[in-house]
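Here's the structure, in structure tokens; my notes come after.
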Amino acid sequence: MVRRACARHILVKTLDEANALLKRLQEGEDFDKLARKYSTCPSKKNGGSLGEFSRGDMVRAFDEAVFEGPVLTVQGPIKTRFGWHLIETIYRQ
């Protein structure tokens with residue numbers, strides 16, 4: 001059976017931007033609003049939501065964070081060829 005998950009993320013170009021946004025999230029700012037304002041991914045129009053996807057659909061570092069990291073906890077910054085991600089896994093099955 002293929003594992004599936006639902007996640008959202010904020011993608012930015014620099015580590016400094018990612019760290020600044022992570023700090024704001026840790027201080028209680030809204031993930032959805034920050035994603036809509038700062039993310040460079042087209043998913044920003046959905047508050048960073050990537051919907052449900054299967055293991056192996058995303059680049060390795062992103063996939064590992066979603067399928068091996070904690071649920072409902074922001075992870076990152078995580079570097080991929082696209083930039084720096086802050087990732088929150090909503091659920092896994």
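In the structure tokens, chains take letters A, B, ... by order of appearance, with residues numbered from 1 within each chain and ligands from 1 in the order shown.
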
**Item:** DSSP strand (DSSP E) residues within chain A, listed as a PyMOL selection string
**Value:** chain A and resi 4-12+49-54+74-80+83-92

**Request:** Run DSSP on the backbone and give me the residues of chain A it puts in helix (DSSP H, G or I), as a PyMOL selection string.
**Result:** chain A and resi 15-26+31-38+42-46+60-68

**Message:** Quick one: residues within 12 Å of A:Arg36, only C-alpha atoms, excluding same-chain residues fewer than 2 positions away - as a list in words?
**Reply:**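 These residues fall inside the cut-off: Arg8, His9, Ile10, Leu11, Val12, Asp30, Phe31, Asp32, Lys33, Leu34, Tyr38, Ser39, Thr40, Cys41, Pro42, Ser43, Lys44, Lys45, Asn46, Gly47, Gly48 and Ser49 of chain A.
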
Export of the given selection (N, CA and C atoms) as a CSV table (one decimal), in the first residue's frame:
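Below you can see part_4.csv, which holds the result:
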chain,number,residue,atom,x,y,z
A,8,ARG,N,1.3,21.3,4.1
A,8,ARG,CA,1.4,22.6,3.5
A,8,ARG,C,2.8,23.1,3.8
A,9,HIS,N,3.2,24.1,3.0
A,9,HIS,CA,4.6,24.7,3.2
A,9,HIS,C,4.6,26.1,2.8
A,10,ILE,N,5.7,26.7,3.2
A,10,ILE,CA,6.1,28.1,2.8
A,10,ILE,C,7.5,27.9,2.1
A,11,LEU,N,7.6,28.4,0.9
A,11,LEU,CA,8.8,28.3,0.2
A,11,LEU,C,9.4,29.7,-0.1
A,12,VAL,N,10.7,29.8,0.3
A,12,VAL,CA,11.3,31.1,0.1
A,12,VAL,C,12.7,30.9,-0.4
A,30,ASP,N,-0.1,33.2,12.0
A,30,ASP,CA,-0.9,32.3,11.2
A,30,ASP,C,-0.1,31.8,10.0
A,31,PHE,N,0.0,30.4,9.9
A,31,PHE,CA,0.7,29.8,8.8
A,31,PHE,C,0.1,30.2,7.4
A,32,ASP,N,-1.2,30.1,7.3
A,32,ASP,CA,-2.0,30.4,6.1
A,32,ASP,C,-1.6,31.8,5.6
A,33,LYS,N,-1.7,32.8,6.5
A,33,LYS,CA,-1.5,34.2,6.2
A,33,LYS,C,0.0,34.4,5.7
A,34,LEU,N,0.9,33.8,6.5
A,34,LEU,CA,2.3,34.0,6.1
A,34,LEU,C,2.6,33.3,4.7
A,38,TYR,N,4.2,35.4,1.7
A,38,TYR,CA,5.7,35.3,1.5
A,38,TYR,C,6.1,34.1,0.6
A,39,SER,N,5.3,33.1,0.5
A,39,SER,CA,5.8,31.9,-0.3
A,39,SER,C,5.9,32.2,-1.7
A,40,THR,N,6.9,31.6,-2.4
A,40,THR,CA,7.2,31.8,-3.8
A,40,THR,C,6.5,30.6,-4.6
A,41,CYS,N,5.9,29.7,-3.9
A,41,CYS,CA,5.3,28.5,-4.6
A,41,CYS,C,3.8,28.9,-5.0
A,42,PRO,N,3.4,28.4,-6.1
A,42,PRO,CA,2.0,28.7,-6.5
A,42,PRO,C,0.9,28.2,-5.5
A,43,SER,N,1.3,27.3,-4.6
A,43,SER,CA,0.4,26.9,-3.5
A,43,SER,C,0.1,28.0,-2.5
A,44,LYS,N,0.8,29.1,-2.6
A,44,LYS,CA,0.5,30.2,-1.7
A,44,LYS,C,-0.9,30.7,-1.8
A,45,LYS,N,-1.5,30.5,-3.0
A,45,LYS,CA,-2.9,31.0,-3.1
A,45,LYS,C,-3.9,30.1,-2.2
A,46,ASN,N,-3.4,28.9,-1.8
A,46,ASN,CA,-4.2,28.0,-1.0
A,46,ASN,C,-3.6,28.0,0.4
A,47,GLY,N,-2.9,29.0,0.8
A,47,GLY,CA,-2.3,29.1,2.2
A,47,GLY,C,-1.1,28.1,2.3
A,48,GLY,N,-0.5,27.7,1.2
A,48,GLY,CA,0.6,26.8,1.2
A,48,GLY,C,0.2,25.3,1.1
A,49,SER,N,-1.1,25.0,1.1
A,49,SER,CA,-1.6,23.7,1.0
A,49,SER,C,-1.2,23.0,-0.3

**Asked** Could you state the separation of atom CA of A:Phe62 and atom CA of A:Leu25 in Å, given to one decimal place?
**Response** 19.0 Å

Which neighbours of A:Val2 fall inside 7 Å, counting only C-alpha atoms, when residues of the same chain fewer than 2 positions from it are skipped, and could you give them as a PDB file with N, CA, C and O atoms, in the first residue's frame?
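Generated output (out.pdb):
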ATOM      1  N   ARG A   4       0.216   7.868   1.993  1.00  0.00           N
ATOM      2  CA  ARG A   4      -0.223   9.176   1.530  1.00  0.00           C
ATOM      3  C   ARG A   4      -0.178  10.161   2.689  1.00  0.00           C
ATOM      4  O   ARG A   4      -0.260   9.757   3.844  1.00  0.00           O
ATOM      5  N   SER A  54       1.308  11.166  -2.555  1.00  0.00           N
ATOM      6  CA  SER A  54       1.890   9.868  -2.195  1.00  0.00           C
ATOM      7  C   SER A  54       3.368   9.992  -1.871  1.00  0.00           C
ATOM      8  O   SER A  54       4.049  10.913  -2.347  1.00  0.00           O
ATOM      9  N   ARG A  55       3.849   9.036  -1.106  1.00  0.00           N
ATOM     10  CA  ARG A  55       5.281   8.947  -0.826  1.00  0.00           C
ATOM     11  C   ARG A  55       6.017   8.836  -2.151  1.00  0.00           C
ATOM     12  O   ARG A  55       5.625   8.073  -3.032  1.00  0.00           O
TER      13      ARG A  55
END

**Request:** Measure the distance from atom CA of A:His85 to atom CA of A:Asp57 in Å and round it to one decimal.
**Result:**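 The value is 16.0 Å.
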
**Prompt:** Any idea what the distance is between atom CA of A:Lys79 and atom CA of A:Ala5?
**Reply:**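 Taking atom CA of A:Lys79 as the start and atom CA of A:Ala5 as the end point, the length is 19.8 Å.
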
**Request:** Could you check which of A:Cys6, A:Leu15, A:Met58, A:Leu50 is closest to A:Trp84, using only C-alpha atoms?
**Result:**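 The closest residue to A:Trp84 is A:Leu15.
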
Can you tell me, as a short mmCIF file (atom, residue, chain, number, x, y, z; two decimals) with C-alpha atoms, in the first residue's frame, what residues are no more than 6 Å from stretch 64-74 of chain A when counting only C-alpha atoms, ignoring any on the same chain fewer than 5 positions away?
data_model
loop_
_atom_site.label_atom_id
_atom_site.label_comp_id
_atom_site.auth_asym_id
_atom_site.auth_seq_id
_atom_site.Cartn_x
_atom_site.Cartn_y
_atom_site.Cartn_z
CA ILE A 87 6.71 22.27 6.17
CA GLU A 88 3.73 21.20 8.25
CA THR A 89 2.37 17.69 7.78
CA ILE A 90 -1.38 17.80 8.40
#

A:Leu22: which residues within 9 Å, counting only C-alpha atoms, same-chain residues fewer than 5 positions away excluded, as an mmCIF file with N, CA, C and O atoms, in the first residue's frame?
data_model
loop_
_atom_site.group_PDB
_atom_site.id
_atom_site.type_symbol
_atom_site.label_atom_id
_atom_site.label_comp_id
_atom_site.auth_asym_id
_atom_site.auth_seq_id
_atom_site.Cartn_x
_atom_site.Cartn_y
_atom_site.Cartn_z
ATOM 1 N N GLU A 17 15.360 34.262 5.213
ATOM 2 C CA GLU A 17 13.907 34.449 5.110
ATOM 3 C C GLU A 17 13.168 33.316 5.828
ATOM 4 O O GLU A 17 12.193 33.564 6.550
ATOM 5 N N GLU A 27 6.081 32.243 17.236
ATOM 6 C CA GLU A 27 5.486 33.276 18.086
ATOM 7 C C GLU A 27 3.966 33.330 17.939
ATOM 8 O O GLU A 27 3.318 34.183 18.534
ATOM 9 N N VAL A 74 5.626 22.445 12.648
ATOM 10 C CA VAL A 74 6.374 23.038 11.537
ATOM 11 C C VAL A 74 7.810 22.554 11.586
ATOM 12 O O VAL A 74 8.472 22.613 12.620
ATOM 13 N N GLN A 75 8.278 22.032 10.460
ATOM 14 C CA GLN A 75 9.651 21.548 10.321
ATOM 15 C C GLN A 75 10.414 22.459 9.371
ATOM 16 O O GLN A 75 9.853 22.971 8.422
ATOM 17 N N GLY A 76 11.691 22.578 9.625
ATOM 18 C CA GLY A 76 12.510 23.331 8.707
ATOM 19 C C GLY A 76 13.309 24.395 9.427
ATOM 20 O O GLY A 76 13.281 24.470 10.646
ATOM 21 N N PRO A 77 14.017 25.163 8.657
ATOM 22 C CA PRO A 77 14.052 25.201 7.194
ATOM 23 C C PRO A 77 14.690 23.945 6.577
ATOM 24 O O PRO A 77 15.648 23.407 7.118
ATOM 25 N N LEU A 86 9.448 25.640 4.885
ATOM 26 C CA LEU A 86 8.905 25.368 6.212
ATOM 27 C C LEU A 86 7.702 24.490 5.939
ATOM 28 O O LEU A 86 6.814 24.860 5.152
#
